[in-house]
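See below for input.cif, which holds mmCIF, C-alpha atoms.
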data_upload
loop_
_atom_site.label_atom_id
_atom_site.label_comp_id
_atom_site.auth_asym_id
_atom_site.auth_seq_id
_atom_site.Cartn_x
_atom_site.Cartn_y
_atom_site.Cartn_z
CA MET K 1316 -18.96 19.94 -10.21
CA THR K 1317 -20.01 16.52 -8.95
CA ALA K 1318 -18.65 13.08 -9.77
CA PRO K 1319 -20.03 9.70 -8.70
CA LEU K 1320 -17.85 7.35 -6.71
CA THR K 1321 -16.77 4.17 -8.44
CA ALA K 1322 -17.87 0.80 -7.06
CA GLU K 1323 -14.34 0.40 -5.65
CA ASP K 1324 -14.55 3.83 -3.97
CA ARG K 1325 -17.86 2.96 -2.30
CA ALA K 1326 -16.56 -0.42 -1.14
CA ILE K 1327 -13.60 1.31 0.52
CA LEU K 1328 -15.90 3.77 2.31
CA GLU K 1329 -17.99 0.88 3.61
CA LEU K 1330 -14.92 -0.76 5.19
CA GLU K 1331 -14.38 2.18 7.53
CA GLY K 1332 -15.69 1.80 11.08
CA PRO K 1333 -14.79 2.17 14.77
CA THR K 1334 -11.72 -0.06 14.45
CA VAL K 1335 -10.74 0.60 10.82
CA VAL K 1336 -9.77 3.91 9.23
CA GLY K 1337 -10.18 4.39 5.51
CA HIS K 1338 -7.01 6.29 4.73
CA THR K 1339 -3.47 5.45 3.78
CA CYS K 1340 -0.50 7.41 5.02
CA LYS K 1341 2.77 8.56 3.46
CA VAL K 1342 5.55 9.19 5.98
CA ILE K 1343 7.97 11.43 4.09
CA THR K 1344 11.31 11.88 5.88
CA LEU K 1345 12.84 15.25 4.97
CA GLY K 1346 16.41 16.40 5.48
CA THR K 1347 17.39 19.67 7.08
CA GLY K 1348 15.51 22.73 5.89
CA ALA K 1349 13.21 25.46 7.15
CA ILE K 1350 9.92 23.57 6.72
CA THR K 1351 6.95 25.20 8.46
CA ALA K 1352 3.22 24.61 8.21
CA ALA K 1353 2.71 28.13 6.86
CA ALA K 1354 5.28 27.63 4.10
CA LEU K 1355 3.81 24.25 3.17
CA GLN K 1356 0.27 25.66 3.16
CA ALA K 1357 1.33 28.42 0.77
CA ALA K 1358 3.21 26.02 -1.51
CA VAL K 1359 0.37 23.49 -1.74
CA SER K 1360 -2.22 26.24 -2.22
CA ARG K 1361 -0.32 27.69 -5.19
CA ARG K 1362 -0.35 24.31 -6.94
CA LEU K 1363 -3.85 23.04 -6.16
CA ALA K 1364 -5.00 23.76 -9.70
CA GLY K 1365 -2.87 20.80 -10.76
CA ALA K 1366 -4.59 18.53 -8.22
CA PRO K 1367 -8.27 19.56 -8.02
CA ARG K 1368 -9.10 16.20 -6.41
CA LEU K 1369 -7.68 17.57 -3.14
CA THR K 1370 -10.59 20.05 -2.96
CA TRP K 1371 -13.26 17.34 -3.29
CA ARG K 1372 -15.43 16.28 -0.37
CA LEU K 1373 -18.18 13.71 0.00
CA SER K 1374 -21.77 14.72 -0.64
CA GLY K 1375 -25.07 13.12 -1.56
CA PRO K 1376 -27.02 10.43 0.29
CA PRO K 1377 -25.12 7.52 1.89
CA THR K 1378 -26.58 5.13 -0.69
CA GLU K 1379 -25.36 7.25 -3.64
CA PRO K 1380 -22.33 9.23 -2.45
CA GLU K 1381 -20.58 11.57 -4.85
CA TRP K 1382 -17.64 13.92 -4.91
CA CYS K 1383 -18.20 17.67 -5.05
CA VAL K 1384 -15.89 20.65 -4.79
CA ASP K 1385 -15.84 21.97 -1.22
CA PRO K 1386 -16.91 25.63 -1.49
CA ALA K 1387 -15.43 26.33 1.95
CA PHE K 1388 -12.09 24.62 1.29
CA ASP K 1389 -9.29 26.10 3.40
CA VAL K 1390 -5.82 24.62 3.07
CA GLN K 1391 -4.98 25.74 6.63
CA GLU K 1392 -7.45 23.16 7.95
CA HIS K 1393 -5.48 20.39 6.22
CA ILE K 1394 -1.85 21.22 7.05
CA SER K 1395 -0.45 21.67 10.56
CA GLU K 1396 2.71 20.99 12.54
CA THR K 1397 3.68 19.56 15.92
CA ARG K 1398 7.07 20.53 17.27
CA SER K 1399 8.39 18.36 20.08
CA PRO K 1400 10.54 19.79 22.88
CA ALA K 1401 13.03 16.96 22.34
CA GLU K 1402 14.25 15.41 19.11
CA LEU K 1403 12.20 12.44 17.92
CA ASP K 1404 14.10 9.18 17.64
CA SER K 1405 12.80 6.22 15.61
CA VAL K 1406 10.62 4.91 18.44
CA ALA K 1407 9.04 8.30 19.17
CA LEU K 1408 8.44 9.03 15.50
CA ARG K 1409 6.71 5.71 14.88
CA ALA K 1410 4.54 6.26 17.96
CA GLU K 1411 3.51 9.68 16.65
CA VAL K 1412 2.75 8.27 13.20
CA ALA K 1413 0.61 5.53 14.78
CA ARG K 1414 -1.25 8.12 16.88
CA LEU K 1415 -2.08 10.19 13.81
CA PHE K 1416 -2.90 7.17 11.66
CA GLU K 1417 -5.51 5.94 14.16
CA GLN K 1418 -7.51 9.17 13.83
CA HIS K 1419 -10.37 9.16 11.30
CA LEU K 1420 -10.44 11.92 8.71
CA ASP K 1421 -13.35 14.39 8.90
CA ARG K 1422 -15.86 13.49 6.17
CA ARG K 1423 -17.24 17.03 6.21
CA ARG K 1424 -14.01 18.16 4.52
CA PRO K 1425 -11.78 16.84 1.71
CA LEU K 1426 -10.36 13.56 2.96
CA TRP K 1427 -6.68 14.34 3.42
CA ARG K 1428 -4.37 15.93 5.97
CA MET K 1429 -0.65 16.73 6.29
CA ASP K 1430 1.13 16.93 9.66
CA LEU K 1431 4.72 18.06 10.11
CA LEU K 1432 6.55 16.28 12.97
CA GLY K 1433 9.94 17.17 14.34
CA PRO K 1434 12.65 17.87 14.93
CA LEU K 1435 14.04 14.42 14.16
CA VAL K 1436 17.23 13.08 15.67
CA GLY K 1437 20.05 14.49 13.56
CA GLY K 1438 17.81 17.22 12.15
CA GLY K 1439 15.05 17.18 9.62
CA THR K 1440 11.28 16.78 9.67
CA ALA K 1441 8.72 14.07 8.96
CA LEU K 1442 5.75 14.97 6.79
CA VAL K 1443 2.85 12.63 7.57
CA TRP K 1444 0.28 12.76 4.78
CA ARG K 1445 -3.00 10.95 5.38
CA LEU K 1446 -5.08 10.48 2.26
CA HIS K 1447 -8.33 8.53 2.09
CA HIS K 1448 -8.07 5.47 -0.11
CA ALA K 1449 -11.50 6.24 -1.62
CA LEU K 1450 -10.08 9.55 -2.86
CA ALA K 1451 -6.80 8.16 -4.19
CA ASP K 1452 -5.07 4.80 -4.43
CA GLY K 1453 -1.29 4.49 -4.21
CA THR K 1454 -0.66 5.31 -7.86
CA THR K 1455 -2.88 8.40 -7.72
CA ALA K 1456 -1.27 9.50 -4.46
CA MET K 1457 2.13 9.58 -6.18
CA ARG K 1458 0.65 11.70 -8.98
CA LEU K 1459 -0.80 14.10 -6.42
CA ALA K 1460 2.57 14.35 -4.68
CA ARG K 1461 4.15 15.19 -8.02
CA SER K 1462 1.53 17.92 -8.52
CA VAL K 1463 1.60 19.65 -5.13
CA LEU K 1464 4.55 18.45 -3.02
CA TRP K 1465 7.78 17.79 -4.90
CA ASP K 1466 9.76 20.89 -5.79
CA ILE K 1467 9.39 21.65 -9.47
CA GLY K 1468 12.52 20.75 -11.43
CA PRO K 1469 13.37 18.98 -14.67
CA ALA K 1470 10.51 16.82 -15.87
CA GLN K 1471 10.73 13.30 -14.47
CA PRO K 1472 9.69 10.24 -16.43
CA ALA K 1473 6.23 9.16 -15.34
CA ALA K 1474 6.03 5.90 -13.46
CA ARG K 1475 5.25 3.07 -15.81
CA THR K 1476 1.65 1.95 -15.56
CA SER K 1477 0.01 -0.73 -17.62
CA PRO K 1478 -3.44 -0.17 -19.09
CA PRO K 1479 -6.00 -2.91 -18.63
CA VAL K 1480 -5.34 -5.85 -20.88
CA THR K 1481 -8.19 -6.81 -23.18
CA HIS K 1482 -8.46 -10.28 -24.63
CA ALA K 1483 -10.22 -11.19 -27.88
CA ALA K 1484 -10.30 -14.85 -26.85
CA ASP K 1485 -12.67 -17.57 -27.94
CA ASP K 1486 -15.09 -19.24 -25.52
CA VAL K 1487 -12.88 -22.32 -25.02
CA ARG K 1488 -9.87 -20.28 -23.87
CA ARG K 1489 -12.11 -18.12 -21.69
CA ARG K 1490 -13.60 -21.10 -19.91
CA HIS K 1491 -10.12 -22.59 -19.39
CA HIS K 1492 -8.84 -19.33 -17.90
CA LEU K 1493 -11.91 -18.95 -15.71
CA ALA K 1494 -11.47 -22.42 -14.24
CA GLY K 1495 -7.82 -21.71 -13.45
CA LEU K 1496 -8.68 -18.29 -12.03
CA ILE K 1497 -11.27 -19.73 -9.66
CA GLU K 1498 -8.82 -22.42 -8.49
CA ARG K 1499 -6.00 -19.90 -7.90
CA GLU K 1500 -7.91 -16.94 -6.46
CA PHE K 1501 -11.09 -18.23 -4.82
CA LEU K 1502 -10.19 -21.52 -3.14
CA PRO K 1503 -9.47 -20.73 0.52
CA SER K 1504 -6.49 -21.91 2.53
CA LEU K 1505 -7.09 -24.92 4.75
CA ARG K 1506 -5.04 -23.35 7.54
CA ARG K 1507 -5.70 -20.30 9.67
CA SER K 1508 -3.21 -17.49 9.21
CA PRO K 1509 -1.30 -16.00 12.18
CA PHE K 1510 -3.09 -12.68 11.53
CA ASP K 1511 -6.61 -14.13 11.61
CA LEU K 1512 -7.70 -12.47 14.86
CA PRO K 1513 -10.14 -9.70 15.83
CA ILE K 1514 -8.57 -6.23 15.60
CA GLY K 1515 -8.95 -3.13 17.74
CA PRO K 1516 -8.33 0.57 17.00
CA ASP K 1517 -4.66 0.70 18.09
CA ARG K 1518 -1.83 0.40 15.57
CA GLN K 1519 1.89 -0.24 15.59
CA ILE K 1520 4.09 1.10 12.79
CA ALA K 1521 7.52 0.01 11.58
CA PHE K 1522 9.83 0.83 8.67
CA ALA K 1523 12.54 -0.92 6.65
CA GLN K 1524 14.59 0.17 3.64
CA THR K 1525 16.89 -1.27 0.99
CA SER K 1526 18.58 -0.35 -2.28
CA LEU K 1527 16.20 -0.64 -5.23
CA SER K 1528 18.88 -1.06 -7.89
CA ARG K 1529 20.82 -3.74 -6.00
CA LEU K 1530 17.71 -5.71 -5.17
CA ARG K 1531 16.54 -5.49 -8.79
CA THR K 1532 19.93 -6.68 -10.09
CA ALA K 1533 20.06 -9.56 -7.61
CA ALA K 1534 16.51 -10.67 -8.43
CA ARG K 1535 17.21 -10.64 -12.15
CA SER K 1536 20.54 -12.48 -11.91
CA LEU K 1537 19.37 -15.11 -9.43
CA ALA K 1538 15.97 -16.01 -10.88
CA GLY K 1539 15.06 -13.78 -13.80
CA ALA K 1540 12.74 -12.18 -11.26
CA THR K 1541 11.32 -8.67 -10.85
CA VAL K 1542 11.51 -6.21 -7.96
CA ASN K 1543 7.96 -7.23 -7.00
CA ASP K 1544 9.08 -10.85 -6.81
CA ALA K 1545 12.04 -9.84 -4.65
CA VAL K 1546 9.76 -7.86 -2.32
CA LEU K 1547 7.58 -10.93 -1.79
CA ALA K 1548 10.60 -13.21 -1.30
CA VAL K 1549 12.16 -10.81 1.23
CA LEU K 1550 8.86 -10.64 3.09
CA ALA K 1551 8.58 -14.44 3.05
CA GLY K 1552 11.99 -14.74 4.72
CA ALA K 1553 11.12 -12.03 7.24
CA LEU K 1554 7.83 -13.71 8.13
CA ARG K 1555 9.72 -16.98 8.59
CA THR K 1556 12.06 -15.25 11.06
CA TRP K 1557 9.10 -13.65 12.84
CA MET K 1558 7.34 -17.01 13.15
CA LEU K 1559 10.51 -18.59 14.55
CA HIS K 1560 10.72 -15.69 17.02
CA ARG K 1561 7.19 -16.54 18.12
CA HIS K 1562 7.87 -20.30 18.09
CA GLY K 1563 5.01 -20.72 15.64
CA PRO K 1564 4.56 -23.28 12.85
CA ILE K 1565 6.51 -22.56 9.65
CA ARG K 1566 4.19 -22.98 6.68
CA ARG K 1567 3.08 -21.15 3.58
CA VAL K 1568 1.21 -17.87 3.95
CA ARG K 1569 -1.11 -16.63 1.23
CA VAL K 1570 -0.84 -12.92 0.38
CA LYS K 1571 -2.97 -10.61 -1.74
CA VAL K 1572 -1.10 -8.43 -4.25
CA PRO K 1573 -3.08 -5.38 -5.48
CA VAL K 1574 -2.66 -4.43 -9.14
CA SER K 1575 -3.54 -0.94 -10.35
CA LEU K 1576 -5.38 -0.96 -13.67
CA GLN K 1577 -5.17 2.81 -14.01
CA ASN K 1578 -3.21 4.74 -16.59
CA GLU K 1579 -2.21 8.37 -16.92
CA SER K 1580 -5.01 9.18 -19.35
CA ALA K 1581 -7.80 7.91 -17.07
CA PRO K 1582 -6.95 8.75 -13.47
CA ALA K 1583 -10.50 9.14 -12.08
CA GLY K 1584 -11.45 6.91 -9.17
CA ASN K 1585 -10.02 3.66 -7.88
CA HIS K 1586 -9.62 0.99 -10.54
CA ASP K 1587 -7.71 -1.88 -9.02
CA SER K 1588 -7.59 -5.64 -9.06
CA PHE K 1589 -5.35 -8.28 -7.46
CA PHE K 1590 -3.91 -11.75 -7.53
CA CYS K 1591 -2.94 -14.04 -4.65
CA VAL K 1592 0.38 -15.82 -4.10
CA GLY K 1593 1.49 -18.36 -1.52
CA LEU K 1594 4.70 -17.23 0.20
CA PRO K 1595 7.03 -20.21 0.81
CA LEU K 1596 7.91 -19.64 4.47
CA ASP K 1597 8.73 -23.35 4.69
CA VAL K 1598 11.67 -22.89 2.27
CA PRO K 1599 14.75 -22.02 4.38
CA GLU K 1600 17.08 -20.70 1.66
CA PRO K 1601 16.62 -17.11 0.29
CA VAL K 1602 17.36 -17.84 -3.38
CA ALA K 1603 15.09 -20.89 -3.40
CA ARG K 1604 12.33 -18.73 -1.91
CA LEU K 1605 12.83 -16.13 -4.65
CA ARG K 1606 12.62 -18.78 -7.37
CA ALA K 1607 9.47 -20.26 -5.82
CA VAL K 1608 7.83 -16.82 -5.70
CA ARG K 1609 8.89 -16.15 -9.29
CA ARG K 1610 7.19 -19.35 -10.50
CA GLU K 1611 3.93 -18.36 -8.82
CA THR K 1612 3.84 -14.74 -9.99
CA ALA K 1613 4.81 -15.74 -13.54
CA LEU K 1614 1.76 -17.99 -13.68
CA ARG K 1615 -0.53 -15.22 -12.39
CA LYS K 1616 0.85 -12.73 -14.90
CA SER K 1617 0.82 -15.06 -17.91
CA SER K 1618 -2.79 -15.96 -17.09
CA HIS K 1619 -3.69 -12.25 -16.63
CA ASP K 1620 -5.33 -13.09 -13.30
CA ALA K 1621 -5.70 -9.46 -12.15
CA GLU K 1622 -7.31 -8.32 -15.40
CA GLU K 1623 -9.50 -11.41 -15.63
CA MET K 1624 -10.61 -10.93 -12.02
CA ALA K 1625 -11.60 -7.30 -12.66
CA GLU K 1626 -13.55 -8.31 -15.75
CA LEU K 1627 -15.28 -11.18 -13.94
CA LEU K 1628 -16.36 -9.01 -11.00
CA ASP K 1629 -17.57 -6.29 -13.35
CA LYS K 1630 -19.74 -8.79 -15.22
CA LEU K 1631 -21.07 -10.24 -11.97
CA GLY K 1632 -21.90 -6.75 -10.72
CA ARG K 1633 -23.93 -6.00 -13.82
CA ALA K 1634 -25.69 -9.38 -13.78
CA SER K 1635 -26.31 -9.70 -10.04
CA PRO K 1636 -25.09 -7.20 -7.41
CA ARG K 1637 -25.88 -9.78 -4.73
CA LEU K 1638 -23.62 -12.38 -6.40
CA ARG K 1639 -20.82 -9.85 -6.75
CA ARG K 1640 -21.16 -8.93 -3.07
CA TRP K 1641 -20.95 -12.62 -2.13
CA CYS K 1642 -17.79 -13.05 -4.24
CA SER K 1643 -16.25 -9.94 -2.67
CA GLU K 1644 -16.98 -11.25 0.82
CA LEU K 1645 -15.43 -14.61 -0.12
CA GLN K 1646 -12.28 -12.85 -1.37
CA ALA K 1647 -12.04 -10.78 1.83
CA ALA K 1648 -12.26 -13.78 4.17
CA PRO K 1649 -9.19 -14.50 6.34
CA ARG K 1650 -8.81 -17.95 4.76
CA ALA K 1651 -8.66 -16.34 1.28
CA PHE K 1652 -5.47 -14.45 2.16
CA ALA K 1653 -3.47 -13.63 5.28
CA LEU K 1654 -2.25 -10.11 4.46
CA THR K 1655 -2.03 -7.60 1.62
CA VAL K 1656 1.33 -6.56 0.15
CA SER K 1657 1.33 -3.54 -2.18
CA ASN K 1658 4.22 -2.07 -4.16
CA VAL K 1659 3.87 1.35 -5.82
CA PRO K 1660 6.60 3.10 -7.84
CA GLY K 1661 7.41 6.58 -6.57
CA PRO K 1662 9.72 9.25 -8.01
CA ARG K 1663 12.50 7.76 -10.09
CA GLN K 1664 14.87 10.58 -9.19
CA ASP K 1665 15.69 12.38 -5.96
CA VAL K 1666 13.05 14.94 -5.04
CA SER K 1667 12.70 17.65 -2.40
CA VAL K 1668 10.00 19.58 -0.57
CA LEU K 1669 10.60 23.31 -0.05
CA GLY K 1670 14.30 22.70 -0.58
CA ALA K 1671 14.55 19.81 1.91
CA GLU K 1672 15.65 16.52 0.36
CA VAL K 1673 13.23 13.60 0.56
CA GLU K 1674 15.27 10.89 2.29
CA ALA K 1675 12.54 8.24 2.40
CA ILE K 1676 8.85 7.68 1.70
CA HIS K 1677 7.21 4.99 3.80
CA SER K 1678 3.63 4.14 2.91
CA ILE K 1679 1.30 2.91 5.65
CA ALA K 1680 -1.90 1.08 4.69
CA GLU K 1681 -4.67 0.06 7.05
CA VAL K 1682 -5.19 -3.47 8.33
CA GLY K 1683 -8.56 -5.21 8.10
CA GLU K 1684 -10.78 -7.28 10.33
CA ARG K 1685 -9.03 -10.63 10.87
CA HIS K 1686 -6.14 -9.35 8.71
CA ALA K 1687 -3.99 -7.82 11.45
CA LEU K 1688 -0.91 -7.02 9.32
CA ARG K 1689 -0.45 -4.90 6.19
CA VAL K 1690 2.73 -4.23 4.21
CA ALA K 1691 3.13 -1.36 1.72
CA VAL K 1692 6.22 -0.64 -0.36
CA VAL K 1693 7.07 2.54 -2.27
CA SER K 1694 10.25 3.70 -4.00
CA VAL K 1695 12.01 7.03 -4.22
CA ALA K 1696 15.10 7.24 -6.48
CA ASP K 1697 17.24 4.21 -5.47
CA ARG K 1698 15.52 3.61 -2.12
CA LEU K 1699 12.88 0.93 -1.68
CA CYS K 1700 10.91 1.68 1.49
CA PHE K 1701 8.77 -0.82 3.41
CA GLY K 1702 5.97 0.43 5.64
CA LEU K 1703 4.44 -2.03 8.11
CA CYS K 1704 1.16 -1.55 9.93
CA GLY K 1705 -0.09 -4.02 12.53
CA ASP K 1706 -2.85 -4.21 15.08
CA ARG K 1707 -1.14 -3.55 18.40
CA GLY K 1708 -3.19 -6.15 20.22
CA VAL K 1709 -2.21 -8.89 17.75
CA ILE K 1710 1.34 -7.91 16.75
CA ALA K 1711 3.28 -6.23 19.53
CA ASP K 1712 6.67 -7.15 18.02
CA LEU K 1713 6.48 -5.50 14.61
CA ASP K 1714 10.05 -4.25 14.99
CA VAL K 1715 11.24 -7.88 14.79
CA LEU K 1716 9.58 -8.22 11.39
CA ALA K 1717 11.01 -4.90 10.15
CA ALA K 1718 14.54 -5.86 11.21
CA ALA K 1719 14.12 -9.24 9.50
CA ILE K 1720 13.13 -7.46 6.25
CA ASP K 1721 16.43 -5.52 6.43
CA ASP K 1722 18.36 -8.76 7.00
CA GLU K 1723 16.58 -10.67 4.22
CA ALA K 1724 17.25 -7.89 1.71
CA VAL K 1725 20.94 -7.96 2.65
CA ALA K 1726 21.03 -11.75 2.22
CA LEU K 1727 19.34 -11.69 -1.17
CA VAL K 1728 21.54 -8.90 -2.50
CA ALA K 1729 24.66 -10.68 -1.21
CA ALA K 1730 23.56 -13.90 -2.90
CA GLY K 1731 23.30 -11.98 -6.14
CA GLY K 1732 26.85 -10.68 -5.71
CA THR K 1733 25.80 -7.02 -5.74
CA GLY K 1734 27.22 -5.94 -2.39
CA THR K 1735 25.45 -4.66 0.71
CA GLY K 1736 21.88 -3.81 -0.21
CA ALA K 1737 19.95 -2.73 2.86
CA THR K 1738 20.31 0.74 4.26
CA ARG K 1739 20.22 0.74 8.05
CA GLN K 1740 18.77 4.14 8.86
CA GLY K 1741 20.55 5.75 11.75
CA ARG K 1742 17.93 8.47 12.19
CA ALA K 1743 14.26 8.54 13.05
CA GLY K 1744 13.08 6.67 9.98
CA GLY K 1745 14.69 3.39 11.04
CA GLY K 1746 12.81 0.16 11.52
CA ARG K 1747 14.47 -0.96 14.75
#

Rewrite the structure of this file - the entire thing - as structure tokens.
Amino acid sequence: MTAPLTAEDRAILELEGPTVVGHTCKVITLGTGAITAAALQAAVSRRLAGAPRLTWRLSGPPTEPEWCVDPAFDVQEHISETRSPAELDSVALRAEVARLFEQHLDRRRPLWRMDLLGPLVGGGTALVWRLHHALADGTTAMRLARSVLWDIGPAQPAARTSPPVTHAADDVRRRHHLAGLIEREFLPSLRRSPFDLPIGPDRQIAFAQTSLSRLRTAARSLAGATVNDAVLAVLAGALRTWMLHRHGPIRRVRVKVPVSLQNESAPAGNHDSFFCVGLPLDVPEPVARLRAVRRETALRKSSHDAEEMAELLDKLGRASPRLRRWCSELQAAPRAFALTVSNVPGPRQDVSVLGAEVEAIHSIAEVGERHALRVAVVSVADRLCFGLCGDRGVIADLDVLAAAIDDEAVALVAAGGTGTGATRQGRAGGGR
């Protein structure tokens, strides 16, 4: 079996280089339980038929890469464990995750790897799953986890995904939308972002966590906003605190928000788009920030910016690959956006791995050249987990930003009258 890579898959492969890895990483904090590499190898191997993508490796010429089944696939080459002589606290765990994350995956094999780290302070284990973004985006990664990792129990509702929106619009409406799209998504910022610096190969990792239900309730009651809006507002407040910590100028920061256009019936390959939003760091009050974010995202959604952008780039690619490449380079410029913020729904209920409860899932996504910070958010049951990745040479104080995310979530939840919302983790998954 062979399958061609999508245009998005190939673009992701081309981003990888000496200072940039191509994979994402799920840091899954597990409670107490007898988790060993051998047991995990056996469990994953038994369920690989439900996730054949994990046996695919790259083949074909570099100009026309394709996926093929690896005839020599051996699950033991993809799952291992490292047991430390002393318990890993939050600092040690994040250092180990960064060390693993910096290592490129072997392109001669299927592009994923699981490493068990532990023991953690207070017991438990961390499962660090690196998965190349060309092989699976965040939505697909959660499907794969459902297929091979989570203990099989009562069927869980699938995460809601929206199929691509199609528009039977007339030419006048299309031209109006296109003009607005170009103004919102292509016009660069006049100011340089604080993350617009050359990056190296070294990374720093940090985590934060809050209550999903309380944040959702607060966002809805305060501004008729969504969880995604609340995530962006919390990050805006945290970036404001981080800039004050650095004595930097407080001004708006433009962020890129990926949108998955996949659905359950068509899971092959990456099929993503995005829209951009200006985060109001210059607004000092949390609720006002949330309302400002809500106004911006509502405009992007009502105008179908993500879907329109995907359609536009697809048409450009068919008409002129060179023009599409120029547009892609323009979108990737540091003045187009400062950082990417993704939010992927995970399991809606509590899940476990080999009997050990999943306490948190923190997703780590790679930074880019002159985009030295990346934020990824994923949920599990009622826990909303933030994963932060920064270039160590540019951002040596990522823990300040993670702690500020905790504080901003608490402030927003309190403003909504829903009680204490952030969960300060007292074990190795904490952000401090």

When the PyMOL selection byres ((chain K and resi 1403) around 9) is applied to the structure above, which residues does it catch, written out as a list of chain:residue names?
K:Ser1399, K:Ala1401, K:Glu1402, K:Asp1404, K:Ser1405, K:Val1406, K:Ala1407, K:Leu1408, K:Leu1432, K:Gly1433, K:Pro1434, K:Leu1435, K:Val1436, K:Ala1743

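Distance annotation: of K:Leu1369, K:Ala1523, K:Ile1514, K:Ala1538, the residue with the minimal separation from Pro1333 in chain K is K:Ile1514; atom set is only C-alpha atoms.
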
Between CA of Arg1689 in chain K and CA of Gly1705 in chain K, what is the distance in Å, rounded to a tenth?
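Pair CA of Arg1689 in chain K / CA of Gly1705 in chain K returns 6.4 Å.
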
Neighbours of Pro1516 in chain K within 10 Å (all atoms listed in the file; same-chain residues fewer than 5 positions away dropped), as number ranges by chain?
K: 1332-1336, 1417-1418, 1706-1708

Excluding Leu1727 in chain K and residues on its chain fewer than 4 positions from it, collect all residues at most 7 Å away from it, counting all atoms listed in the file, and give them as a PyMOL selection string.
chain K and resi 1533+1601-1602+1723+1731

Neighbouring residues of Gly1702 in chain K were defined as those with any atom within 10 Å, considering only C-alpha atoms; residues of the same chain fewer than 4 positions away were excluded. Please report them as a PyMOL selection string.
chain K and resi 1340-1342+1520-1524+1657+1676-1680+1689-1693+1717+1746

Could you tell me which of K:Val1695, K:Ser1575, K:Glu1623, K:Ala1729 comes closest to Arg1461 in chain K if we count only C-alpha atoms?
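Of the candidates, the smallest distance to Arg1461 in chain K is held by K:Val1695.
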
The residues within 12 Å of (0.2, -12.8, -2.6), using all atoms listed in the file and the coordinates of the file, should be reported as a ChimeraX atom specification; which are they?
/K:1499-1500,1543-1544,1546-1548,1550-1551,1567-1574,1589-1595,1608-1609,1611-1612,1615,1621,1651-1658,1689-1690

For the atom pair CA of Ser1588 in chain K and CA of Pro1367 in chain K, what is the interatomic distance in Å to one decimal place?
25.2 Å

Could you jot down the CA of Ser1617 in chain K to CA of Cys1642 in chain K separation for me, Å, one decimal place?
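Straight-line distance from CA of Ser1617 in chain K to CA of Cys1642 in chain K works out to 23.2 Å.
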
Find the spatial neighbours of Leu1446 in chain K, counting all atoms listed in the file, within a cut-off of 8 Å - ignore same-chain residues fewer than 2 positions away - and output them as a CSV table (one decimal) with C-alpha atoms, in the frame of the given file.
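Generated file (around_0.csv):
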chain,number,residue,atom,x,y,z
K,1338,HIS,CA,-7.0,6.3,4.7
K,1339,THR,CA,-3.5,5.4,3.8
K,1340,CYS,CA,-0.5,7.4,5.0
K,1426,LEU,CA,-10.4,13.6,3.0
K,1427,TRP,CA,-6.7,14.3,3.4
K,1428,ARG,CA,-4.4,15.9,6.0
K,1444,TRP,CA,0.3,12.8,4.8
K,1448,HIS,CA,-8.1,5.5,-0.1
K,1450,LEU,CA,-10.1,9.6,-2.9
K,1451,ALA,CA,-6.8,8.2,-4.2
K,1456,ALA,CA,-1.3,9.5,-4.5

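Once the PyMOL selection byres ((chain K and resi 1345) around 7) is applied to this file, the selection holds Ile1343, Thr1344, Gly1346, Thr1347, Gly1439, Thr1440, Ala1441, Ala1671, Glu1672, Val1673 and Glu1674 of chain K.
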
Env of Leu1669 in chain K: 10 Å cut, atoms = all atoms listed in the file, seq-sep filter 4 positions within chain, self excluded. Answer as a PyMOL selection string.
chain K and resi 1345+1348-1351+1354-1355+1358+1464-1467

Best match for closeness to Glu1626 in chain K among K:Asp1597, K:Glu1379, K:Glu1644, K:Asp1587, counting only C-alpha atoms:
K:Asp1587

Between K:Leu1645, K:Ala1352, K:Ala1410, K:Met1624, which one has atoms that come closest to Leu1576 in chain K, using all atoms listed in the file?
K:Met1624

Would you kindly translate the PyMOL selection byres ((chain K and resi 1368) around 9) into the concrete residues it picks from this file, as an mmCIF file with C-alpha atoms, keeping the file's coordinate frame?
data_model
loop_
_atom_site.group_PDB
_atom_site.id
_atom_site.type_symbol
_atom_site.label_atom_id
_atom_site.label_comp_id
_atom_site.auth_asym_id
_atom_site.auth_seq_id
_atom_site.Cartn_x
_atom_site.Cartn_y
_atom_site.Cartn_z
ATOM 1 C CA LEU K 1363 -3.850 23.040 -6.160
ATOM 2 C CA GLY K 1365 -2.870 20.800 -10.760
ATOM 3 C CA ALA K 1366 -4.590 18.530 -8.220
ATOM 4 C CA PRO K 1367 -8.270 19.560 -8.020
ATOM 5 C CA LEU K 1369 -7.680 17.570 -3.140
ATOM 6 C CA THR K 1370 -10.590 20.050 -2.960
ATOM 7 C CA TRP K 1371 -13.260 17.340 -3.290
ATOM 8 C CA ARG K 1372 -15.430 16.280 -0.370
ATOM 9 C CA TRP K 1382 -17.640 13.920 -4.910
ATOM 10 C CA VAL K 1384 -15.890 20.650 -4.790
ATOM 11 C CA PRO K 1425 -11.780 16.840 1.710
ATOM 12 C CA LEU K 1450 -10.080 9.550 -2.860
ATOM 13 C CA ALA K 1451 -6.800 8.160 -4.190
ATOM 14 C CA LEU K 1459 -0.800 14.100 -6.420
#

Rank nothing, just name the residue among K:Pro1380, K:Asp1511, K:Gln1356, K:Ser1374 nearest to Leu1328 in chain K, using all atoms listed in the file.
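Using all atoms listed in the file, Leu1328 in chain K sits closest to K:Pro1380.
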